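**Student:** Attaching a single structure in C-alpha cells format; questions to follow.
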Amino acid sequence: MAESYKPMDAFDSMTESTFIIKPKTKTKTNTNTNSKSDLAADGGYLTLLQGQEPVESMQLRKRLFAQLWQPLEEELFTIEKQVNNIGITEVCDFVDSSYGEIERREQGQVARPFAEVSAAVTFAGINTGDHGKLFQSLQDQLLERGHHVALLESQYCNTLPNLQRSLLEQMFNSIYADTDAGPSAFGGTKTVTYDLGLLQLWWANAACSGKKAVVVLQDFEGFAPTVVDDFIRIVGGYCDAVPIVLVLGLATSYECVHQSLTKASISMLNVERFNLQRSKQCIDTAIHRLFVQGRAPLCFGAEAYKSLLDQFLLYSFSIAGFVKKLKYAAMDFFYAQPLSVLASMLAPNAAVSACPVRLNSDQVELIRMQRSVQRFLERRATENGGNAYVRQALSDDDFFQDTVLLQMARALVMYRRSYCLGIDAIVEIQSMAPEAMQKPVRTLHYYGVGQQFDDCTHWKTLLAVVRRMKTSEMTLLLQKLCRLVDGAAD
C-alpha cells in the first residue's frame, strides 16, 4: 500500500484561466490628460480650499512667487558677495604687498640661505559646496589687479607632475599644452611640460614688474601632503626670480597645515592667516534686512525660524543651503497657502494697496479665524463704537475686505517699522555693554518672535547694564538712540 502511493506533483493542481483586462474608457483618459496638461501649464499650482479657490487667486499666487522670490534671491547673493569681499580684499592686499614687506624687513640683515615663499592660509569654512564660488571670486579679483593666477583642485593634482602641469597650463593659457616633446623654452632648449623653469623664463621675458604669480590650492586637505611638501621646496628655489604667492584654502582648521607639512617646508613659508568666509556675519546681515526690516514676504514664527536657523548653524554654515531652504519655505507658502494672495497688499516700499482679486467667502472666513485678526478685532471692540465695527467686520465680507484688511495691513507696516527700530535700539544699547553680554541680530530676532521681549532675560541684563552706566556713557547712548529715531523718521 505504501509502495503504490505516489505524491502529487506540484503542478497537477494548477488551473488554466484567461484574464481579460479591459482598457480604460476614452473619456476618462482624455480627462486625465487634460488635467495633467493644465497642471503643467500652471507650474504645479492647484486651486485650494477643496477646489473652491477662484482661478484668479491661484494665478495671483503664481505671479507673486515669481515677482517676490527673484529679487529676494538676488539680494541674498548680493549680501553674501559684499560680506565675503571683506576677506577677499584682505587676501588681495596681502598679495600686492607680499614680497615688498619681506624685502623691507630684511634690509641690512645677513642674507638668508633660502628665500621665503609668501603664503596666505585662508579659512574658507566647512561648507565645501560654497568653496568653488568663493575661490572663483578671489581669482577674479586677483586677475583684475593684474596678477597671474592658477586655481588648483586636488582631484586634478594627485601627483607633483600633474600639479605643476596644471599650474603652467593656467599660467600660459594652455599655449604649450598640445606639444608632443614638451614646450620649447625661450633659449631654444627642450624641457618637460611640468618644469617650473618655463615659468622663470617666461616671467623674465614677459615684463611682469609689480605682478605676482598666485597659486591657489582650493582644497588643501585634499592634496597629498608629500605632493604639497615637495612643491613648496621647488617653489622656494624659484621665488627669487618669480614672486610666487601661495594661497592655501582650508575647510577644517589652521592646525591642518602643521599636521600635513614637514618642519623644513613650513620654515620656508612667510605665513599670514585670513578668514575668507564670514558665514555668521553674512547670515546676521541677511536676517536683519529680510526679517527685521521686513523686506521678505515671509514672516516666520518662532519654531519655523529656529528650525531654519538651526539647519544653518548646527550643520553646514552654507549660505547656498540657507537660500535653498528659504526658497522651499516660500514655495510651500505660495503653493499651499490660500491666504498668500495677501502678500500682494504689501509692496517692497512699504506701501499698502488693496488686494487685486476679490476674495470669496471661504477665504474671508479663513482670514477671520486667524489669531492675529481676532486680537485686532478685540482691541477695536474696546474703542468707542467698536462693537458695531466688529459686528460689521464679522458679518459683511465686502466691508471686511475693503476696510478691515487695509487697516490691518497698515497696522502691520507700522509694527514692522517699530519692530525694526526696537531691534536697532537693542543693538545700540548692548554695544555699550561688555562683549560677553552682546547677542547677534539673529538671536535678538528669535527673542522678538518667540516671546515678549520685556520678559526676556537678555533685556533684563541690558537694563542692569544701563543702570550702572556713567553719565558720559549714558549721554553717548542717548545721542546714538536719538540719531537712530531721527533716521527712522526720515
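Just remember, in the C-alpha cells the first chain shown is A, the second B, etc., residues are 1-based per chain, and ligands are 1-based in the order shown.
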Listing only residues of range 400-426 of chain A within 10 Å of range 448-468 of chain A, what is the closest atom pair and its distance in Å (to one decimal) for each, using only C-alpha atoms, sorted by chain and residue number ascending, as a Markdown table?

**Tutor:**
```
| residue | atom | partner | partner_atom | distance |
| --- | --- | --- | --- | --- |
| A:Tyr419 | CA | A:Gly448 | CA | 8.4 |
| A:Gly422 | CA | A:Gly448 | CA | 9.6 |
| A:Ile423 | CA | A:Gly448 | CA | 8.3 |
| A:Ile426 | CA | A:Trp459 | CA | 8.4 |
```

**Student:** Just the residues within 12 Å of range 471-487 of chain A, please, counting only C-alpha atoms, with nothing from its chain fewer than 5 positions along; format it as a ChimeraX atom specification.

**Tutor:** /A:417-418,420-433,465-466

**Student:** May I ask which of the residues A:Ser57, A:Asn270, A:Ser265, A:Thr285 is the closest one to Lys81 in chain A, counting only C-alpha atoms?

**Tutor:**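 Between A:Ser57, A:Asn270, A:Ser265, A:Thr285, the residue approaching Lys81 in chain A most closely is A:Thr285.
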
**Student:** Could you check which of A:Phe220, A:Tyr156, A:Trp203, A:Tyr447 is closest to Tyr238 in chain A, using only C-alpha atoms?

**Tutor:**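 Of A:Phe220, A:Tyr156, A:Trp203, A:Tyr447, the one nearest Tyr238 in chain A is A:Trp203, counting only C-alpha atoms.
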
**Student:** Between A:Leu313, A:Ala286, A:Val83, A:Ala320, which residue has the minimum interatomic distance to Gly132 in chain A, considering only C-alpha atoms?

**Tutor:**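 The shortest atom-to-atom distance to Gly132 in chain A comes from A:Ala320.
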
**Student:** Pick out the residues sitting within 12 Å of Lys133 in chain A, and hand them over as a VMD selection string; count only C-alpha atoms, and ignore anything fewer than 3 positions along from it in its own chain.

**Tutor:** chain A and resid 77 80 to 81 84 124 127 to 130 136 to 140 151 218 277 318 to 320

**Student:** Now that the selection is made, can you save its residues with all heavy atoms as a compact mmCIF listing (two decimals), in the first residue's frame?

**Tutor:**
```
# COMPACT_ATOMS: atom_id res chain seq x y z
N PHE A 77 22.27 86.87 -2.42
CA PHE A 77 23.60 86.65 -3.00
C PHE A 77 24.42 87.93 -3.01
O PHE A 77 25.65 87.89 -2.93
CB PHE A 77 23.46 86.08 -4.41
CG PHE A 77 23.02 84.64 -4.44
CD1 PHE A 77 21.91 84.24 -5.14
CD2 PHE A 77 23.73 83.68 -3.74
CE1 PHE A 77 21.50 82.92 -5.17
CE2 PHE A 77 23.34 82.34 -3.74
CZ PHE A 77 22.22 81.97 -4.46
N GLU A 80 25.85 88.13 0.44
CA GLU A 80 26.96 87.16 0.57
C GLU A 80 28.22 87.70 -0.11
O GLU A 80 29.33 87.60 0.44
CB GLU A 80 26.55 85.83 -0.05
CG GLU A 80 27.63 84.76 0.04
CD GLU A 80 27.26 83.49 -0.69
OE1 GLU A 80 26.31 83.54 -1.51
OE2 GLU A 80 27.92 82.47 -0.47
N LYS A 81 28.05 88.29 -1.29
CA LYS A 81 29.22 88.81 -2.01
C LYS A 81 29.85 89.98 -1.28
O LYS A 81 31.07 90.07 -1.17
CB LYS A 81 28.79 89.23 -3.42
CG LYS A 81 29.95 89.69 -4.30
CD LYS A 81 29.46 90.02 -5.70
CE LYS A 81 30.62 90.47 -6.59
NZ LYS A 81 30.15 90.81 -7.96
N ASN A 84 31.66 88.57 1.89
CA ASN A 84 32.85 87.78 1.55
C ASN A 84 33.95 88.65 0.94
O ASN A 84 35.14 88.30 1.03
CB ASN A 84 32.49 86.66 0.58
CG ASN A 84 31.68 85.56 1.25
OD1 ASN A 84 31.69 85.43 2.48
ND2 ASN A 84 30.98 84.77 0.46
N ALA A 124 38.20 78.89 4.81
CA ALA A 124 37.04 79.11 3.94
C ALA A 124 35.76 78.51 4.50
O ALA A 124 34.70 78.62 3.88
CB ALA A 124 37.30 78.53 2.55
N ASN A 127 31.64 74.55 4.83
CA ASN A 127 30.67 74.38 3.75
C ASN A 127 31.41 74.29 2.43
O ASN A 127 31.51 75.26 1.67
CB ASN A 127 29.65 75.51 3.74
CG ASN A 127 30.31 76.88 3.84
OD1 ASN A 127 31.31 77.03 4.53
ND2 ASN A 127 29.78 77.87 3.15
N THR A 128 31.96 73.11 2.13
CA THR A 128 32.80 72.93 0.95
C THR A 128 32.03 73.16 -0.35
O THR A 128 32.63 73.45 -1.38
CB THR A 128 33.40 71.52 0.94
OG1 THR A 128 32.35 70.54 1.02
CG2 THR A 128 34.35 71.33 2.11
N GLY A 129 30.71 73.05 -0.32
CA GLY A 129 29.94 73.29 -1.53
C GLY A 129 30.00 74.73 -2.00
O GLY A 129 29.79 75.01 -3.19
N ASP A 130 30.29 75.67 -1.09
CA ASP A 130 30.39 77.09 -1.45
C ASP A 130 31.80 77.51 -1.82
O ASP A 130 32.02 78.65 -2.22
CB ASP A 130 29.90 77.97 -0.29
CG ASP A 130 28.42 77.78 -0.02
OD1 ASP A 130 27.74 77.18 -0.87
OD2 ASP A 130 27.95 78.23 1.04
N GLN A 136 36.52 81.33 -6.83
CA GLN A 136 36.39 81.94 -8.14
C GLN A 136 36.33 83.46 -8.03
O GLN A 136 36.92 84.18 -8.85
CB GLN A 136 35.14 81.41 -8.85
CG GLN A 136 34.98 81.87 -10.28
CD GLN A 136 36.10 81.40 -11.18
OE1 GLN A 136 36.47 80.22 -11.17
NE2 GLN A 136 36.66 82.32 -11.95
N SER A 137 35.65 83.96 -7.01
CA SER A 137 35.62 85.41 -6.77
C SER A 137 37.01 85.93 -6.42
O SER A 137 37.40 87.01 -6.86
CB SER A 137 34.64 85.74 -5.64
OG SER A 137 33.32 85.33 -5.97
N LEU A 138 37.76 85.16 -5.62
CA LEU A 138 39.13 85.54 -5.30
C LEU A 138 39.99 85.59 -6.56
O LEU A 138 40.77 86.54 -6.76
CB LEU A 138 39.72 84.55 -4.28
CG LEU A 138 41.20 84.71 -3.94
CD1 LEU A 138 41.46 86.07 -3.31
CD2 LEU A 138 41.67 83.59 -3.02
N GLN A 139 39.86 84.59 -7.42
CA GLN A 139 40.63 84.58 -8.66
C GLN A 139 40.27 85.77 -9.55
O GLN A 139 41.16 86.41 -10.14
CB GLN A 139 40.37 83.27 -9.42
CG GLN A 139 41.19 83.13 -10.69
CD GLN A 139 40.89 81.84 -11.43
OE1 GLN A 139 39.79 81.30 -11.32
NE2 GLN A 139 41.84 81.34 -12.20
N ASP A 140 38.99 86.09 -9.63
CA ASP A 140 38.57 87.22 -10.48
C ASP A 140 39.15 88.53 -9.97
O ASP A 140 39.61 89.37 -10.78
CB ASP A 140 37.04 87.30 -10.52
CG ASP A 140 36.41 86.11 -11.22
OD1 ASP A 140 37.12 85.44 -12.00
OD2 ASP A 140 35.22 85.84 -10.99
N LEU A 151 44.32 78.38 -10.30
CA LEU A 151 43.41 77.81 -9.30
C LEU A 151 43.44 76.30 -9.42
O LEU A 151 42.97 75.73 -10.41
CB LEU A 151 41.99 78.35 -9.52
CG LEU A 151 40.92 77.92 -8.51
CD1 LEU A 151 41.30 78.37 -7.11
CD2 LEU A 151 39.57 78.49 -8.91
N GLN A 218 42.83 75.18 -3.72
CA GLN A 218 41.47 75.43 -3.25
C GLN A 218 41.08 74.56 -2.07
O GLN A 218 40.50 75.04 -1.10
CB GLN A 218 40.49 75.21 -4.41
CG GLN A 218 39.04 75.38 -4.03
CD GLN A 218 38.13 75.32 -5.24
OE1 GLN A 218 38.46 75.80 -6.31
NE2 GLN A 218 36.97 74.70 -5.06
N GLN A 277 35.74 83.38 4.59
CA GLN A 277 34.28 83.38 4.56
C GLN A 277 33.73 83.66 5.96
O GLN A 277 34.12 83.02 6.93
CB GLN A 277 33.74 82.05 4.06
CG GLN A 277 32.24 82.09 3.80
CD GLN A 277 31.73 80.83 3.15
OE1 GLN A 277 32.00 79.75 3.64
NE2 GLN A 277 31.02 80.95 2.06
N SER A 318 26.31 76.96 5.41
CA SER A 318 26.28 77.21 3.97
C SER A 318 25.21 78.26 3.66
O SER A 318 24.03 78.07 3.96
CB SER A 318 25.99 75.92 3.20
OG SER A 318 25.81 76.19 1.83
N ILE A 319 25.63 79.35 3.03
CA ILE A 319 24.68 80.38 2.61
C ILE A 319 23.80 79.85 1.49
O ILE A 319 22.60 80.11 1.44
CB ILE A 319 25.42 81.65 2.17
CG1 ILE A 319 26.27 82.20 3.32
CG2 ILE A 319 24.45 82.71 1.70
CD1 ILE A 319 25.47 82.58 4.54
N ALA A 320 24.40 79.07 0.57
CA ALA A 320 23.61 78.49 -0.52
C ALA A 320 22.54 77.55 0.03
O ALA A 320 21.40 77.53 -0.45
CB ALA A 320 24.52 77.75 -1.49
```

**Student:** Can you pull out every residue within 8 Å of range 306-310 of chain A, counting only C-alpha atoms, but drop anything in the same chain fewer than 3 positions away, and send it as a list of chain:residue names?

**Tutor:**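 These residues fall inside the cut-off: A:Ala302, A:Glu303, A:Leu313, A:Leu314, A:Tyr315, A:Phe322, A:Lys325, A:Leu326, A:Tyr446.
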
**Student:** Atoms to include: all heavy atoms. Write the selected residues as a PDB file, in the first residue's frame.

**Tutor:**
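Below you can see again.pdb, which holds the result:
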```pdb
ATOM      1  N   ALA A 302       8.282  81.548  15.686  1.00  0.00           N
ATOM      2  CA  ALA A 302       9.460  81.183  16.467  1.00  0.00           C
ATOM      3  C   ALA A 302       9.984  79.797  16.104  1.00  0.00           C
ATOM      4  O   ALA A 302      11.189  79.605  15.901  1.00  0.00           O
ATOM      5  CB  ALA A 302       9.126  81.254  17.958  1.00  0.00           C
ATOM      6  N   GLU A 303       9.093  78.809  15.996  1.00  0.00           N
ATOM      7  CA  GLU A 303       9.539  77.444  15.729  1.00  0.00           C
ATOM      8  C   GLU A 303      10.116  77.313  14.321  1.00  0.00           C
ATOM      9  O   GLU A 303      11.162  76.675  14.119  1.00  0.00           O
ATOM     10  CB  GLU A 303       8.374  76.474  15.922  1.00  0.00           C
ATOM     11  CG  GLU A 303       7.894  76.358  17.354  1.00  0.00           C
ATOM     12  CD  GLU A 303       8.987  75.841  18.280  1.00  0.00           C
ATOM     13  OE1 GLU A 303       9.804  75.010  17.837  1.00  0.00           O
ATOM     14  OE2 GLU A 303       9.031  76.272  19.448  1.00  0.00           O
ATOM     15  N   LEU A 313      23.268  76.839  11.462  1.00  0.00           N
ATOM     16  CA  LEU A 313      24.302  76.945  12.488  1.00  0.00           C
ATOM     17  C   LEU A 313      24.826  75.596  12.952  1.00  0.00           C
ATOM     18  O   LEU A 313      26.002  75.470  13.308  1.00  0.00           O
ATOM     19  CB  LEU A 313      23.757  77.713  13.696  1.00  0.00           C
ATOM     20  CG  LEU A 313      23.407  79.185  13.459  1.00  0.00           C
ATOM     21  CD1 LEU A 313      22.751  79.774  14.697  1.00  0.00           C
ATOM     22  CD2 LEU A 313      24.639  79.980  13.086  1.00  0.00           C
ATOM     23  N   LEU A 314      23.993  74.565  12.944  1.00  0.00           N
ATOM     24  CA  LEU A 314      24.386  73.272  13.520  1.00  0.00           C
ATOM     25  C   LEU A 314      24.877  72.271  12.487  1.00  0.00           C
ATOM     26  O   LEU A 314      25.360  71.201  12.861  1.00  0.00           O
ATOM     27  CB  LEU A 314      23.208  72.669  14.296  1.00  0.00           C
ATOM     28  CG  LEU A 314      22.621  73.530  15.416  1.00  0.00           C
ATOM     29  CD1 LEU A 314      21.488  72.794  16.102  1.00  0.00           C
ATOM     30  CD2 LEU A 314      23.704  73.908  16.423  1.00  0.00           C
ATOM     31  N   TYR A 315      24.755  72.581  11.193  1.00  0.00           N
ATOM     32  CA  TYR A 315      25.103  71.583  10.186  1.00  0.00           C
ATOM     33  C   TYR A 315      26.134  72.092   9.176  1.00  0.00           C
ATOM     34  O   TYR A 315      27.248  71.583   9.113  1.00  0.00           O
ATOM     35  CB  TYR A 315      23.841  71.114   9.452  1.00  0.00           C
ATOM     36  CG  TYR A 315      22.899  70.314  10.327  1.00  0.00           C
ATOM     37  CD1 TYR A 315      21.836  70.921  10.969  1.00  0.00           C
ATOM     38  CD2 TYR A 315      23.092  68.951  10.545  1.00  0.00           C
ATOM     39  CE1 TYR A 315      20.975  70.209  11.787  1.00  0.00           C
ATOM     40  CE2 TYR A 315      22.241  68.223  11.360  1.00  0.00           C
ATOM     41  CZ  TYR A 315      21.183  68.850  11.972  1.00  0.00           C
ATOM     42  OH  TYR A 315      20.343  68.139  12.781  1.00  0.00           O
ATOM     43  N   PHE A 322      21.170  77.801   3.020  1.00  0.00           N
ATOM     44  CA  PHE A 322      20.166  78.659   3.654  1.00  0.00           C
ATOM     45  C   PHE A 322      19.206  79.230   2.620  1.00  0.00           C
ATOM     46  O   PHE A 322      17.992  79.288   2.844  1.00  0.00           O
ATOM     47  CB  PHE A 322      20.877  79.787   4.405  1.00  0.00           C
ATOM     48  CG  PHE A 322      19.947  80.778   5.053  1.00  0.00           C
ATOM     49  CD1 PHE A 322      19.360  80.505   6.273  1.00  0.00           C
ATOM     50  CD2 PHE A 322      19.666  81.985   4.434  1.00  0.00           C
ATOM     51  CE1 PHE A 322      18.504  81.418   6.868  1.00  0.00           C
ATOM     52  CE2 PHE A 322      18.810  82.895   5.016  1.00  0.00           C
ATOM     53  CZ  PHE A 322      18.227  82.618   6.240  1.00  0.00           C
ATOM     54  N   LYS A 325      16.725  76.463   1.493  1.00  0.00           N
ATOM     55  CA  LYS A 325      15.672  76.191   2.480  1.00  0.00           C
ATOM     56  C   LYS A 325      14.676  77.342   2.537  1.00  0.00           C
ATOM     57  O   LYS A 325      13.467  77.124   2.722  1.00  0.00           O
ATOM     58  CB  LYS A 325      16.299  75.939   3.842  1.00  0.00           C
ATOM     59  CG  LYS A 325      17.085  74.640   3.912  1.00  0.00           C
ATOM     60  CD  LYS A 325      17.743  74.461   5.247  1.00  0.00           C
ATOM     61  CE  LYS A 325      18.456  73.107   5.329  1.00  0.00           C
ATOM     62  NZ  LYS A 325      19.505  72.964   4.300  1.00  0.00           N
ATOM     63  N   LEU A 326      15.159  78.574   2.386  1.00  0.00           N
ATOM     64  CA  LEU A 326      14.254  79.711   2.362  1.00  0.00           C
ATOM     65  C   LEU A 326      13.363  79.664   1.128  1.00  0.00           C
ATOM     66  O   LEU A 326      12.174  80.016   1.192  1.00  0.00           O
ATOM     67  CB  LEU A 326      15.057  81.008   2.394  1.00  0.00           C
ATOM     68  CG  LEU A 326      14.270  82.307   2.579  1.00  0.00           C
ATOM     69  CD1 LEU A 326      13.521  82.288   3.903  1.00  0.00           C
ATOM     70  CD2 LEU A 326      15.197  83.509   2.510  1.00  0.00           C
ATOM     71  N   TYR A 446      15.095  86.169  17.277  1.00  0.00           N
ATOM     72  CA  TYR A 446      14.431  84.991  17.852  1.00  0.00           C
ATOM     73  C   TYR A 446      13.742  85.351  19.161  1.00  0.00           C
ATOM     74  O   TYR A 446      12.629  84.900  19.442  1.00  0.00           O
ATOM     75  CB  TYR A 446      15.440  83.868  18.065  1.00  0.00           C
ATOM     76  CG  TYR A 446      14.848  82.657  18.755  1.00  0.00           C
ATOM     77  CD1 TYR A 446      13.928  81.850  18.099  1.00  0.00           C
ATOM     78  CD2 TYR A 446      15.191  82.344  20.067  1.00  0.00           C
ATOM     79  CE1 TYR A 446      13.371  80.747  18.732  1.00  0.00           C
ATOM     80  CE2 TYR A 446      14.647  81.243  20.703  1.00  0.00           C
ATOM     81  CZ  TYR A 446      13.740  80.450  20.026  1.00  0.00           C
ATOM     82  OH  TYR A 446      13.174  79.374  20.651  1.00  0.00           O
TER      83      TYR A 446
END
```

**Student:** Taking the chain letters and numbering used in this document, name the residues of range 184-418 of chain A that DSSP puts in strand (DSSP E), as a VMD selection string.

**Tutor:** chain A and resid 213 to 217 244 to 250 269 to 275

**Student:** List the neighbours of range 408-416 of chain A out to 9 Å using only C-alpha atoms; skip same-chain residues closer than 6 positions along the sequence, and give me the result as an mmCIF file with all heavy atoms, in the first residue's frame.

**Tutor:**
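Result file out_13.cif:
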```cif
data_model
loop_
_atom_site.group_PDB
_atom_site.id
_atom_site.type_symbol
_atom_site.label_atom_id
_atom_site.label_comp_id
_atom_site.auth_asym_id
_atom_site.auth_seq_id
_atom_site.Cartn_x
_atom_site.Cartn_y
_atom_site.Cartn_z
ATOM 1 N N VAL A 292 13.966 91.425 9.909
ATOM 2 C CA VAL A 292 13.798 92.552 10.835
ATOM 3 C C VAL A 292 13.245 93.771 10.103
ATOM 4 O O VAL A 292 12.273 94.391 10.538
ATOM 5 C CB VAL A 292 15.132 92.885 11.522
ATOM 6 C CG1 VAL A 292 14.987 94.109 12.415
ATOM 7 C CG2 VAL A 292 15.606 91.691 12.351
ATOM 8 N N GLN A 293 13.855 94.132 8.975
ATOM 9 C CA GLN A 293 13.353 95.254 8.180
ATOM 10 C C GLN A 293 12.114 94.895 7.372
ATOM 11 O O GLN A 293 11.451 95.785 6.862
ATOM 12 C CB GLN A 293 14.443 95.770 7.246
ATOM 13 C CG GLN A 293 15.628 96.384 7.979
ATOM 14 C CD GLN A 293 16.677 96.919 7.026
ATOM 15 O OE1 GLN A 293 16.611 96.707 5.811
ATOM 16 N NE2 GLN A 293 17.657 97.623 7.568
ATOM 17 N N GLY A 294 11.819 93.601 7.237
ATOM 18 C CA GLY A 294 10.591 93.182 6.582
ATOM 19 C C GLY A 294 10.635 93.212 5.073
ATOM 20 O O GLY A 294 9.599 93.369 4.427
ATOM 21 N N LEU A 342 -2.516 87.670 0.070
ATOM 22 C CA LEU A 342 -2.464 88.916 0.831
ATOM 23 C C LEU A 342 -1.091 89.575 0.766
ATOM 24 O O LEU A 342 -0.957 90.751 1.106
ATOM 25 C CB LEU A 342 -2.846 88.652 2.295
ATOM 26 C CG LEU A 342 -4.245 88.087 2.534
ATOM 27 C CD1 LEU A 342 -4.480 87.877 4.015
ATOM 28 C CD2 LEU A 342 -5.310 88.994 1.936
ATOM 29 N N MET A 345 -0.702 92.915 -1.052
ATOM 30 C CA MET A 345 -1.105 94.189 -0.454
ATOM 31 C C MET A 345 0.081 94.957 0.101
ATOM 32 O O MET A 345 -0.011 96.168 0.329
ATOM 33 C CB MET A 345 -2.119 93.933 0.674
ATOM 34 C CG MET A 345 -3.378 93.220 0.223
ATOM 35 S SD MET A 345 -4.526 92.880 1.579
ATOM 36 C CE MET A 345 -4.948 94.540 2.091
ATOM 37 N N LEU A 346 1.224 94.278 0.326
ATOM 38 C CA LEU A 346 2.410 94.912 0.899
ATOM 39 C C LEU A 346 3.476 95.023 -0.168
ATOM 40 O O LEU A 346 4.056 94.021 -0.583
ATOM 41 C CB LEU A 346 2.933 94.115 2.091
ATOM 42 C CG LEU A 346 1.939 93.904 3.244
ATOM 43 C CD1 LEU A 346 2.552 93.007 4.303
ATOM 44 C CD2 LEU A 346 1.525 95.235 3.836
ATOM 45 N N ALA A 350 6.958 99.439 1.301
ATOM 46 C CA ALA A 350 6.093 99.560 2.477
ATOM 47 C C ALA A 350 4.777 100.260 2.171
ATOM 48 O O ALA A 350 4.063 100.663 3.086
ATOM 49 C CB ALA A 350 6.810 100.283 3.619
ATOM 50 N N ALA A 351 4.436 100.430 0.895
ATOM 51 C CA ALA A 351 3.136 100.996 0.545
ATOM 52 C C ALA A 351 2.067 99.909 0.653
ATOM 53 O O ALA A 351 2.328 98.736 0.414
ATOM 54 C CB ALA A 351 3.179 101.568 -0.873
ATOM 55 N N VAL A 352 0.855 100.314 1.007
ATOM 56 C CA VAL A 352 -0.259 99.385 1.184
ATOM 57 C C VAL A 352 -1.293 99.639 0.103
ATOM 58 O O VAL A 352 -1.661 100.793 -0.158
ATOM 59 C CB VAL A 352 -0.897 99.550 2.582
ATOM 60 C CG1 VAL A 352 -2.090 98.616 2.737
ATOM 61 C CG2 VAL A 352 0.132 99.264 3.673
ATOM 62 N N SER A 353 -1.739 98.583 -0.534
ATOM 63 C CA SER A 353 -2.757 98.693 -1.573
ATOM 64 C C SER A 353 -3.770 97.568 -1.388
ATOM 65 O O SER A 353 -3.505 96.587 -0.690
ATOM 66 C CB SER A 353 -2.127 98.622 -2.974
ATOM 67 O OG SER A 353 -1.443 97.391 -3.144
ATOM 68 N N VAL A 373 -6.016 88.283 13.641
ATOM 69 C CA VAL A 373 -7.226 89.030 13.291
ATOM 70 C C VAL A 373 -8.143 89.125 14.506
ATOM 71 O O VAL A 373 -8.754 90.174 14.776
ATOM 72 C CB VAL A 373 -7.938 88.365 12.096
ATOM 73 C CG1 VAL A 373 -9.235 89.097 11.760
ATOM 74 C CG2 VAL A 373 -7.023 88.327 10.883
ATOM 75 N N PHE A 376 -6.807 91.774 16.751
ATOM 76 C CA PHE A 376 -7.053 93.101 16.189
ATOM 77 C C PHE A 376 -8.497 93.545 16.434
ATOM 78 O O PHE A 376 -8.752 94.686 16.843
ATOM 79 C CB PHE A 376 -6.753 93.070 14.686
ATOM 80 C CG PHE A 376 -7.030 94.358 13.969
ATOM 81 C CD1 PHE A 376 -6.128 95.404 13.998
ATOM 82 C CD2 PHE A 376 -8.215 94.537 13.261
ATOM 83 C CE1 PHE A 376 -6.389 96.598 13.341
ATOM 84 C CE2 PHE A 376 -8.488 95.714 12.600
ATOM 85 C CZ PHE A 376 -7.572 96.753 12.645
#
```

**Student:** Which value, in Å to one decimal, gives the distance between CA of Leu405 in chain A and CA of Thr47 in chain A?

**Tutor:**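 About the pair CA of Leu405 in chain A and CA of Thr47 in chain A: they are 22.3 Å apart.
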